[in-house]
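Colleague: Contents of my_file.pdb (PDB, C-alpha atoms) are given next:
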```
ATOM      1  CA  MET N   1     159.638 -20.842 149.524  1.00  0.00           C
ATOM      2  CA  MET N   2     155.918 -20.576 150.318  1.00  0.00           C
ATOM      3  CA  PHE N   3     155.410 -18.522 147.142  1.00  0.00           C
ATOM      4  CA  ASP N   4     157.146 -21.219 145.099  1.00  0.00           C
ATOM      5  CA  GLU N   5     154.883 -23.888 146.596  1.00  0.00           C
ATOM      6  CA  TRP N   6     151.806 -21.775 145.880  1.00  0.00           C
ATOM      7  CA  GLN N   7     152.973 -21.205 142.305  1.00  0.00           C
ATOM      8  CA  GLU N   8     153.575 -24.932 141.855  1.00  0.00           C
ATOM      9  CA  LYS N   9     150.039 -25.732 143.006  1.00  0.00           C
ATOM     10  CA  LEU N  10     148.596 -23.055 140.734  1.00  0.00           C
ATOM     11  CA  TYR N  11     150.421 -24.444 137.682  1.00  0.00           C
ATOM     12  CA  ALA N  12     149.312 -27.968 138.584  1.00  0.00           C
ATOM     13  CA  SER N  13     145.712 -26.764 138.732  1.00  0.00           C
ATOM     14  CA  PHE N  14     146.023 -25.154 135.299  1.00  0.00           C
ATOM     15  CA  MET N  15     147.540 -28.359 133.910  1.00  0.00           C
ATOM     16  CA  HIS N  16     144.591 -30.395 135.129  1.00  0.00           C
ATOM     17  CA  TRP N  17     142.075 -27.976 133.615  1.00  0.00           C
ATOM     18  CA  TRP N  18     143.815 -28.093 130.226  1.00  0.00           C
ATOM     19  CA  LEU N  19     143.929 -31.877 130.446  1.00  0.00           C
ATOM     20  CA  LEU N  20     140.208 -31.940 131.205  1.00  0.00           C
ATOM     21  CA  LEU N  21     139.544 -29.793 128.118  1.00  0.00           C
ATOM     22  CA  THR N  22     141.383 -32.296 125.923  1.00  0.00           C
ATOM     23  CA  VAL N  23     139.546 -35.269 127.429  1.00  0.00           C
ATOM     24  CA  VAL N  24     136.072 -33.721 127.085  1.00  0.00           C
ATOM     25  CA  ALA N  25     136.717 -32.399 123.568  1.00  0.00           C
ATOM     26  CA  LEU N  26     138.112 -35.798 122.542  1.00  0.00           C
ATOM     27  CA  ALA N  27     134.926 -37.497 123.748  1.00  0.00           C
ATOM     28  CA  VAL N  28     132.868 -35.061 121.660  1.00  0.00           C
ATOM     29  CA  LEU N  29     135.184 -35.617 118.691  1.00  0.00           C
ATOM     30  CA  LEU N  30     134.761 -39.401 118.867  1.00  0.00           C
ATOM     31  CA  LEU N  31     130.995 -38.985 119.004  1.00  0.00           C
ATOM     32  CA  ALA N  32     131.161 -36.622 116.016  1.00  0.00           C
ATOM     33  CA  GLU N  33     133.297 -39.130 114.112  1.00  0.00           C
ATOM     34  CA  SER N  34     130.816 -41.926 114.825  1.00  0.00           C
ATOM     35  CA  ARG N  35     127.988 -39.785 113.426  1.00  0.00           C
ATOM     36  CA  ASP N  36     130.115 -38.187 110.690  1.00  0.00           C
ATOM     37  CA  SER N  37     129.215 -34.698 111.860  1.00  0.00           C
ATOM     38  CA  ALA N  38     131.506 -32.248 110.049  1.00  0.00           C
ATOM     39  CA  LEU N  39     130.369 -29.345 112.240  1.00  0.00           C
ATOM     40  CA  TRP N  40     131.134 -31.019 115.569  1.00  0.00           C
ATOM     41  CA  LYS N  41     134.426 -32.396 114.267  1.00  0.00           C
ATOM     42  CA  ALA N  42     135.437 -28.882 113.229  1.00  0.00           C
ATOM     43  CA  LEU N  43     134.507 -27.549 116.673  1.00  0.00           C
ATOM     44  CA  SER N  44     135.879 -30.297 118.909  1.00  0.00           C
ATOM     45  CA  LYS N  45     139.189 -31.235 117.253  1.00  0.00           C
ATOM     46  CA  PRO N  46     140.864 -27.805 117.473  1.00  0.00           C
ATOM     47  CA  LEU N  47     139.675 -27.524 121.078  1.00  0.00           C
ATOM     48  CA  ALA N  48     141.071 -30.931 122.011  1.00  0.00           C
ATOM     49  CA  SER N  49     144.397 -29.981 120.441  1.00  0.00           C
ATOM     50  CA  ALA N  50     144.419 -26.554 122.091  1.00  0.00           C
ATOM     51  CA  GLY N  51     144.193 -28.447 125.377  1.00  0.00           C
ATOM     52  CA  PHE N  52     147.587 -30.111 124.974  1.00  0.00           C
ATOM     53  CA  ILE N  53     149.180 -26.775 124.019  1.00  0.00           C
ATOM     54  CA  GLY N  54     147.728 -25.142 127.127  1.00  0.00           C
ATOM     55  CA  LEU N  55     148.909 -28.106 129.195  1.00  0.00           C
ATOM     56  CA  ALA N  56     152.482 -27.664 127.968  1.00  0.00           C
ATOM     57  CA  VAL N  57     152.464 -23.928 128.714  1.00  0.00           C
ATOM     58  CA  ALA N  58     151.075 -24.569 132.203  1.00  0.00           C
ATOM     59  CA  ALA N  59     153.753 -27.238 132.682  1.00  0.00           C
ATOM     60  CA  GLY N  60     156.458 -24.620 132.096  1.00  0.00           C
ATOM     61  CA  ALA N  61     157.209 -25.007 128.375  1.00  0.00           C
ATOM     62  CA  LEU N  62     158.369 -21.401 128.061  1.00  0.00           C
ATOM     63  CA  GLU N  63     160.979 -21.823 130.787  1.00  0.00           C
ATOM     64  CA  THR N  64     163.376 -24.325 129.143  1.00  0.00           C
ATOM     65  CA  ALA N  65     164.817 -25.001 125.693  1.00  0.00           C
ATOM     66  CA  TYR N  66     163.297 -28.490 125.803  1.00  0.00           C
ATOM     67  CA  GLY N  67     159.876 -27.090 126.647  1.00  0.00           C
ATOM     68  CA  GLN N  68     160.067 -24.492 123.883  1.00  0.00           C
ATOM     69  CA  ALA N  69     160.900 -27.156 121.284  1.00  0.00           C
ATOM     70  CA  VAL N  70     158.012 -29.310 122.510  1.00  0.00           C
ATOM     71  CA  LEU N  71     155.704 -26.295 122.330  1.00  0.00           C
ATOM     72  CA  VAL N  72     156.705 -25.731 118.689  1.00  0.00           C
ATOM     73  CA  ALA N  73     155.951 -29.412 117.985  1.00  0.00           C
ATOM     74  CA  LEU N  74     152.542 -29.132 119.629  1.00  0.00           C
ATOM     75  CA  ALA N  75     151.736 -25.971 117.657  1.00  0.00           C
ATOM     76  CA  PHE N  76     152.570 -27.695 114.358  1.00  0.00           C
ATOM     77  CA  SER N  77     150.444 -30.642 115.508  1.00  0.00           C
ATOM     78  CA  TRP N  78     147.501 -28.313 116.153  1.00  0.00           C
ATOM     79  CA  LEU N  79     147.891 -26.940 112.627  1.00  0.00           C
ATOM     80  CA  GLY N  80     148.071 -30.462 111.214  1.00  0.00           C
ATOM     81  CA  ASP N  81     144.917 -31.451 113.074  1.00  0.00           C
ATOM     82  CA  VAL N  82     143.004 -28.536 111.579  1.00  0.00           C
ATOM     83  CA  LEU N  83     144.262 -29.250 108.054  1.00  0.00           C
ATOM     84  CA  LEU N  84     143.383 -32.951 108.293  1.00  0.00           C
ATOM     85  CA  LEU N  85     139.752 -32.056 108.909  1.00  0.00           C
ATOM     86  CA  SER N  86     139.460 -31.738 105.127  1.00  0.00           C
ATOM     87  CA  PRO N  87     139.072 -34.922 103.047  1.00  0.00           C
ATOM     88  CA  GLU N  88     140.820 -33.287 100.068  1.00  0.00           C
ATOM     89  CA  GLN N  89     144.361 -34.258  99.025  1.00  0.00           C
ATOM     90  CA  ARG N  90     145.949 -30.771  99.129  1.00  0.00           C
ATOM     91  CA  PRO N  91     144.986 -30.015 102.766  1.00  0.00           C
ATOM     92  CA  PHE N  92     146.060 -33.563 103.641  1.00  0.00           C
ATOM     93  CA  LEU N  93     149.517 -32.934 102.135  1.00  0.00           C
ATOM     94  CA  LEU N  94     149.776 -29.643 104.026  1.00  0.00           C
ATOM     95  CA  GLY N  95     148.695 -31.430 107.200  1.00  0.00           C
ATOM     96  CA  LEU N  96     151.290 -34.123 106.579  1.00  0.00           C
ATOM     97  CA  ALA N  97     153.924 -31.398 106.210  1.00  0.00           C
ATOM     98  CA  ALA N  98     152.794 -29.801 109.476  1.00  0.00           C
ATOM     99  CA  PHE N  99     153.095 -33.100 111.322  1.00  0.00           C
ATOM    100  CA  LEU N 100     156.466 -33.786 109.710  1.00  0.00           C
ATOM    101  CA  LEU N 101     157.675 -30.459 111.109  1.00  0.00           C
ATOM    102  CA  ALA N 102     156.158 -31.411 114.461  1.00  0.00           C
ATOM    103  CA  HIS N 103     158.250 -34.592 114.490  1.00  0.00           C
ATOM    104  CA  VAL N 104     161.347 -32.602 113.548  1.00  0.00           C
ATOM    105  CA  ALA N 105     160.651 -30.268 116.480  1.00  0.00           C
ATOM    106  CA  TYR N 106     160.199 -33.258 118.806  1.00  0.00           C
ATOM    107  CA  ALA N 107     163.480 -34.701 117.532  1.00  0.00           C
ATOM    108  CA  VAL N 108     165.213 -31.394 118.319  1.00  0.00           C
ATOM    109  CA  ALA N 109     163.621 -31.409 121.783  1.00  0.00           C
ATOM    110  CA  PHE N 110     164.910 -34.910 122.495  1.00  0.00           C
ATOM    111  CA  VAL N 111     168.424 -33.962 121.379  1.00  0.00           C
ATOM    112  CA  VAL N 112     168.297 -30.848 123.560  1.00  0.00           C
ATOM    113  CA  HIS N 113     167.154 -32.993 126.482  1.00  0.00           C
ATOM    114  CA  GLY N 114     170.197 -35.252 126.140  1.00  0.00           C
ATOM    115  CA  GLN N 115     171.038 -38.455 124.289  1.00  0.00           C
ATOM    116  CA  ASP N 116     172.596 -41.857 124.736  1.00  0.00           C
ATOM    117  CA  PRO N 117     173.859 -42.256 121.128  1.00  0.00           C
ATOM    118  CA  GLY N 118     174.232 -46.032 121.368  1.00  0.00           C
ATOM    119  CA  TRP N 119     170.590 -46.495 122.321  1.00  0.00           C
ATOM    120  CA  SER N 120     169.416 -44.026 119.663  1.00  0.00           C
ATOM    121  CA  LEU N 121     171.320 -45.764 116.875  1.00  0.00           C
ATOM    122  CA  GLY N 122     170.259 -49.195 118.068  1.00  0.00           C
ATOM    123  CA  ALA N 123     166.607 -48.143 118.199  1.00  0.00           C
ATOM    124  CA  LEU N 124     166.842 -46.622 114.713  1.00  0.00           C
ATOM    125  CA  ALA N 125     168.256 -49.867 113.330  1.00  0.00           C
ATOM    126  CA  ILE N 126     165.381 -51.826 114.877  1.00  0.00           C
ATOM    127  CA  LEU N 127     162.789 -49.313 113.636  1.00  0.00           C
ATOM    128  CA  CYS N 128     163.922 -49.843 110.039  1.00  0.00           C
ATOM    129  CA  LEU N 129     162.050 -53.163 110.035  1.00  0.00           C
ATOM    130  CA  PRO N 130     158.566 -51.842 110.938  1.00  0.00           C
ATOM    131  CA  ALA N 131     159.166 -48.871 108.592  1.00  0.00           C
ATOM    132  CA  PHE N 132     159.872 -51.289 105.744  1.00  0.00           C
ATOM    133  CA  VAL N 133     156.789 -53.365 106.566  1.00  0.00           C
ATOM    134  CA  VAL N 134     154.541 -50.295 106.781  1.00  0.00           C
ATOM    135  CA  LEU N 135     155.761 -48.835 103.485  1.00  0.00           C
ATOM    136  CA  ARG N 136     155.455 -52.196 101.749  1.00  0.00           C
ATOM    137  CA  ARG N 137     151.873 -52.461 103.016  1.00  0.00           C
ATOM    138  CA  LEU N 138     150.977 -48.894 102.073  1.00  0.00           C
ATOM    139  CA  GLY N 139     152.791 -48.829  98.723  1.00  0.00           C
ATOM    140  CA  PRO N 140     150.058 -50.316  96.505  1.00  0.00           C
ATOM    141  CA  HIS N 141     147.473 -47.957  98.023  1.00  0.00           C
ATOM    142  CA  LEU N 142     149.413 -44.694  97.686  1.00  0.00           C
ATOM    143  CA  PRO N 143     148.696 -42.275  94.822  1.00  0.00           C
ATOM    144  CA  ALA N 144     151.860 -41.324  92.952  1.00  0.00           C
ATOM    145  CA  ALA N 145     151.804 -37.783  94.378  1.00  0.00           C
ATOM    146  CA  MET N 146     151.668 -39.152  97.932  1.00  0.00           C
ATOM    147  CA  ARG N 147     154.540 -41.629  97.832  1.00  0.00           C
ATOM    148  CA  LEU N 148     157.491 -39.318  98.437  1.00  0.00           C
ATOM    149  CA  PRO N 149     155.749 -37.325 101.237  1.00  0.00           C
ATOM    150  CA  VAL N 150     154.647 -40.523 102.994  1.00  0.00           C
ATOM    151  CA  TYR N 151     158.093 -42.130 102.685  1.00  0.00           C
ATOM    152  CA  ALA N 152     159.701 -38.975 104.092  1.00  0.00           C
ATOM    153  CA  TYR N 153     157.178 -38.901 106.921  1.00  0.00           C
ATOM    154  CA  VAL N 154     157.868 -42.513 107.906  1.00  0.00           C
ATOM    155  CA  ALA N 155     161.608 -41.806 107.929  1.00  0.00           C
ATOM    156  CA  VAL N 156     161.241 -38.709 110.113  1.00  0.00           C
ATOM    157  CA  ILE N 157     158.884 -40.296 112.650  1.00  0.00           C
ATOM    158  CA  SER N 158     161.220 -43.306 112.922  1.00  0.00           C
ATOM    159  CA  VAL N 159     164.135 -40.987 113.726  1.00  0.00           C
ATOM    160  CA  MET N 160     161.951 -39.154 116.252  1.00  0.00           C
ATOM    161  CA  VAL N 161     161.112 -42.371 118.107  1.00  0.00           C
ATOM    162  CA  ALA N 162     164.754 -43.496 118.033  1.00  0.00           C
ATOM    163  CA  LEU N 163     165.806 -40.189 119.600  1.00  0.00           C
ATOM    164  CA  ALA N 164     163.086 -40.617 122.230  1.00  0.00           C
ATOM    165  CA  VAL N 165     164.670 -43.959 123.147  1.00  0.00           C
ATOM    166  CA  GLY N 166     168.056 -42.242 123.363  1.00  0.00           C
ATOM    167  CA  ALA N 167     166.660 -39.481 125.568  1.00  0.00           C
ATOM    168  CA  PHE N 168     164.974 -41.999 127.875  1.00  0.00           C
ATOM    169  CA  ALA N 169     168.209 -43.995 128.132  1.00  0.00           C
ATOM    170  CA  ALA N 170     169.952 -40.741 129.088  1.00  0.00           C
ATOM    171  CA  GLY N 171     167.524 -40.151 131.964  1.00  0.00           C
ATOM    172  CA  ALA N 172     164.402 -38.521 130.473  1.00  0.00           C
ATOM    173  CA  HIS N 173     161.020 -38.934 132.167  1.00  0.00           C
ATOM    174  CA  PRO N 174     159.143 -42.060 130.948  1.00  0.00           C
ATOM    175  CA  SER N 175     156.289 -39.910 129.612  1.00  0.00           C
ATOM    176  CA  LEU N 176     158.625 -38.730 126.838  1.00  0.00           C
ATOM    177  CA  LEU N 177     159.190 -42.239 125.482  1.00  0.00           C
ATOM    178  CA  VAL N 178     155.589 -43.352 126.036  1.00  0.00           C
ATOM    179  CA  GLY N 179     154.335 -40.291 124.160  1.00  0.00           C
ATOM    180  CA  ALA N 180     156.681 -40.816 121.210  1.00  0.00           C
ATOM    181  CA  VAL N 181     155.726 -44.498 120.832  1.00  0.00           C
ATOM    182  CA  ALA N 182     152.004 -43.746 121.167  1.00  0.00           C
ATOM    183  CA  PHE N 183     152.332 -41.046 118.485  1.00  0.00           C
ATOM    184  CA  TYR N 184     154.009 -43.573 116.165  1.00  0.00           C
ATOM    185  CA  LEU N 185     151.209 -46.094 116.719  1.00  0.00           C
ATOM    186  CA  SER N 186     148.473 -43.497 116.232  1.00  0.00           C
ATOM    187  CA  ASP N 187     149.956 -42.587 112.848  1.00  0.00           C
ATOM    188  CA  LEU N 188     149.607 -46.211 111.759  1.00  0.00           C
ATOM    189  CA  ALA N 189     145.867 -45.886 112.400  1.00  0.00           C
ATOM    190  CA  VAL N 190     145.774 -42.649 110.375  1.00  0.00           C
ATOM    191  CA  ALA N 191     147.582 -44.290 107.455  1.00  0.00           C
ATOM    192  CA  ARG N 192     145.266 -47.306 107.524  1.00  0.00           C
ATOM    193  CA  ASP N 193     142.214 -45.070 107.619  1.00  0.00           C
ATOM    194  CA  ARG N 194     143.421 -42.822 104.794  1.00  0.00           C
ATOM    195  CA  PHE N 195     144.915 -45.336 102.394  1.00  0.00           C
ATOM    196  CA  VAL N 196     144.072 -48.964 103.211  1.00  0.00           C
ATOM    197  CA  ALA N 197     140.740 -49.564 104.970  1.00  0.00           C
ATOM    198  CA  PRO N 198     138.799 -46.396 105.871  1.00  0.00           C
ATOM    199  CA  GLY N 199     136.451 -46.756 108.802  1.00  0.00           C
ATOM    200  CA  PHE N 200     135.459 -45.401 112.196  1.00  0.00           C
ATOM    201  CA  VAL N 201     137.362 -48.156 114.012  1.00  0.00           C
ATOM    202  CA  ASN N 202     140.659 -46.572 112.889  1.00  0.00           C
ATOM    203  CA  ARG N 203     139.697 -43.258 114.460  1.00  0.00           C
ATOM    204  CA  LEU N 204     138.274 -44.983 117.540  1.00  0.00           C
ATOM    205  CA  VAL N 205     141.729 -46.433 118.167  1.00  0.00           C
ATOM    206  CA  GLY N 206     143.913 -43.749 116.609  1.00  0.00           C
ATOM    207  CA  LEU N 207     142.456 -40.573 118.109  1.00  0.00           C
ATOM    208  CA  PRO N 208     142.703 -41.603 121.789  1.00  0.00           C
ATOM    209  CA  LEU N 209     146.235 -42.880 121.106  1.00  0.00           C
ATOM    210  CA  TYR N 210     147.167 -39.595 119.452  1.00  0.00           C
ATOM    211  CA  TYR N 211     145.838 -37.362 122.221  1.00  0.00           C
ATOM    212  CA  PHE N 212     147.333 -39.630 124.867  1.00  0.00           C
ATOM    213  CA  ALA N 213     150.684 -39.233 123.065  1.00  0.00           C
ATOM    214  CA  GLN N 214     150.482 -35.448 122.928  1.00  0.00           C
ATOM    215  CA  VAL N 215     149.410 -35.198 126.563  1.00  0.00           C
ATOM    216  CA  CYS N 216     152.360 -37.395 127.604  1.00  0.00           C
ATOM    217  CA  LEU N 217     154.792 -35.271 125.622  1.00  0.00           C
ATOM    218  CA  ALA N 218     153.305 -32.048 126.993  1.00  0.00           C
ATOM    219  CA  TRP N 219     153.447 -33.511 130.516  1.00  0.00           C
ATOM    220  CA  SER N 220     157.123 -34.419 130.085  1.00  0.00           C
ATOM    221  CA  VAL N 221     157.831 -30.681 130.016  1.00  0.00           C
ATOM    222  CA  HIS N 222     156.845 -30.498 133.683  1.00  0.00           C
ATOM    223  CA  ALA N 223     159.657 -32.826 134.790  1.00  0.00           C
ATOM    224  CA  VAL N 224     162.244 -30.734 132.915  1.00  0.00           C
ATOM    225  CA  SER N 225     160.972 -27.330 134.073  1.00  0.00           C
ATOM    226  CA  ARG N 226     160.656 -28.591 137.645  1.00  0.00           C
ATOM    227  CA  GLY N 227     164.222 -29.895 137.522  1.00  0.00           C
ATOM    228  CA  ALA N 228     165.466 -26.546 136.197  1.00  0.00           C
ATOM    229  CA  ALA N 229     163.639 -24.718 138.979  1.00  0.00           C
ATOM    230  CA  LEU N 230     165.196 -26.975 141.626  1.00  0.00           C
ATOM    231  CA  ILE N 231     168.659 -26.287 140.208  1.00  0.00           C
ATOM    232  CA  GLU N 232     168.014 -22.525 140.423  1.00  0.00           C
ATOM    233  CA  VAL N 233     166.878 -22.837 144.035  1.00  0.00           C
ATOM    234  CA  ALA N 234     169.969 -24.895 144.905  1.00  0.00           C
ATOM    235  CA  MET N 235     172.235 -22.267 143.352  1.00  0.00           C
TER     236      MET N 235
END
```
Please rewrite the model in this file as structure tokens.

Modeller:
Amino acid sequence: MMFDEWQEKLYASFMHWWLLLTVVALAVLLLAESRDSALWKALSKPLASAGFIGLAVAAGALETAYGQAVLVALAFSWLGDVLLLSPEQRPFLLGLAAFLLAHVAYAVAFVVHGQDPGWSLGALAILCLPAFVVLRRLGPHLPAAMRLPVYAYVAVISVMVALAVGAFAAGAHPSLLVGAVAFYLSDLAVARDRFVAPGFVNRLVGLPLYYFAQVCLAWSVHAVSRGAALIEVAM
């Protein structure tokens, strides 16, 4: 029992250090964005994103099916972050694909966690309205080659958030739902910055929202792995 308590404290310490890495690197990234420093953006963004991957591992992501699915989502997100450093269209499309796969992995994680189907379907029906509004707003600004990928992305992220609602209704930790909603909102800032009204203010709002979302989702792994460990002890 004492070893388990010591191990728990050690993992908690690691989680806090990884969280600190994300926070510090995010601060550097925001400064780099304000000064349009390509070098510091390229250095700080992968580090900030590595922080939420390390946080998930320290939280016990490798110990449960839910944690493993979240870890896959975070890894695809890291790849997407690196690809989106480029202003060119091809890397952006590849980054969009990486984030789409991240949302698919999150959706799988939320299904694995457990669902209340009524809440999931109800949330999806409600989310159709903001999806319609967003696509109607973005439509005139999208190049022809970007329309299908963006439409698919909006559909997938809407399903992901709906499944997060279903998982929360079925008893998931609140950080799961908060993270999913924050991710959704951060993507609105990305879309506005890329297609509608580019500017630092989008990144000033969107980047903290995005990293807050990923940290919440990584942190949600801790509640699941801790619960699994308690079940093992009880057995």

Colleague: Quick one, how far is CA of Ala32 (chain N) from CA of Val181 (chain N)?

Modeller: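 Those two atoms sit 26.2 Å apart.
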
Colleague: Please write the residues picked by the PyMOL selection byres ((chain N and resi 79) around 12) on this file as a PyMOL selection string.

Modeller: chain N and resi 45-47+49-50+53+72-78+80-85+91-92+94-102

Colleague: Output, as JSON, the centre and edge lengths in Å (one decimal) of the axis-aligned box that contains all listed atoms of region 183-188 of chain N with 3 Å of margin on each side.

Modeller:
```
{"center_x": 151.2, "center_y": -43.6, "center_z": 115.1, "size_x": 11.5, "size_y": 11.2, "size_z": 12.7}
```

Colleague: Out of N:Val154, N:Ala61, N:Met15, N:Val111, which residue has the shortest atom-to-atom distance to Leu188 (chain N) when counting all atoms listed in the file?

Modeller: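 Counting all atoms listed in the file, the residue closest to Leu188 (chain N) is N:Val154.
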
Colleague: Extract, using only C-alpha atoms, all DNA, RNA and protein residues at most 12 Å from Pro87 (chain N), discarding same-chain residues fewer than 6 positions from it, and format them as a list of chain:residue names.

Modeller: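 The contact residues come out as N:Ala38, N:Leu93, N:Leu94, N:Gly95, N:Asp193, N:Arg194, N:Phe195, N:Pro198.
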
Colleague: CA of Trp40 (chain N) and CA of Val28 (chain N) are how many Å apart?

Modeller: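 Distance reported for this atom pair: 7.5 Å.
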
Colleague: Pick out the closest residue to Val156 (chain N) from this set: N:Leu142, N:Ala131, N:Val178, N:Leu71. Count only C-alpha atoms.

Modeller: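 Ranking N:Leu142, N:Ala131, N:Val178, N:Leu71 by distance to Val156 (chain N), first place goes to N:Ala131.
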
Colleague: Compare N:Glu88, N:Asp116, N:Glu63, N:Asp187 by their minimum atom-to-atom distance to Val150 (chain N), counting all atoms listed in the file, and give me the closest one.

Modeller: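 So, comparing all the options, the nearest one is N:Asp187.
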
Colleague: Selected by the PyMOL selection byres ((chain N and resi 128) around 12) in the shown coordinates: which residues, as a list in words?

Modeller: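 That expression, the PyMOL selection byres ((chain N and resi 128) around 12), corresponds here to Leu121, Gly122, Ala123, Leu124, Ala125, Ile126, Leu127, Leu129, Pro130, Ala131, Phe132, Val133, Val134, Leu135, Val154, Ala155, Val156, Ile157, Ser158, Val159, Val161 and Ala162 of chain N.
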
Colleague: Counting all atoms listed in the file, which of N:Leu19, N:Val57, N:Val112, N:Ala164 gets nearest to Leu176 (chain N)?

Modeller: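 Looking only at the distances to Leu176 (chain N), the closest residue turns out to be N:Ala164.
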
Colleague: For a test of reading the model, state the distance in Å between CA of Tyr210 (chain N) and CA of Ala107 (chain N), rounded to one decimal.

Modeller: 17.1 Å

Colleague: Report as a ChimeraX atom specification the full result of the PyMOL selection byres ((chain N and resi 211-223) around 6) when it is applied to this structure.

Modeller: /N:52,56,59,61,67,175-176,179,182-183,208-210,224-226

Colleague: If we count only C-alpha atoms, what is near Leu31 (chain N) at a cut-off of 10 Å, once residues fewer than 3 positions away on the same chain are taken out, given as a ChimeraX atom specification?

Modeller: /N:25-28,34-37,40-41,44,204
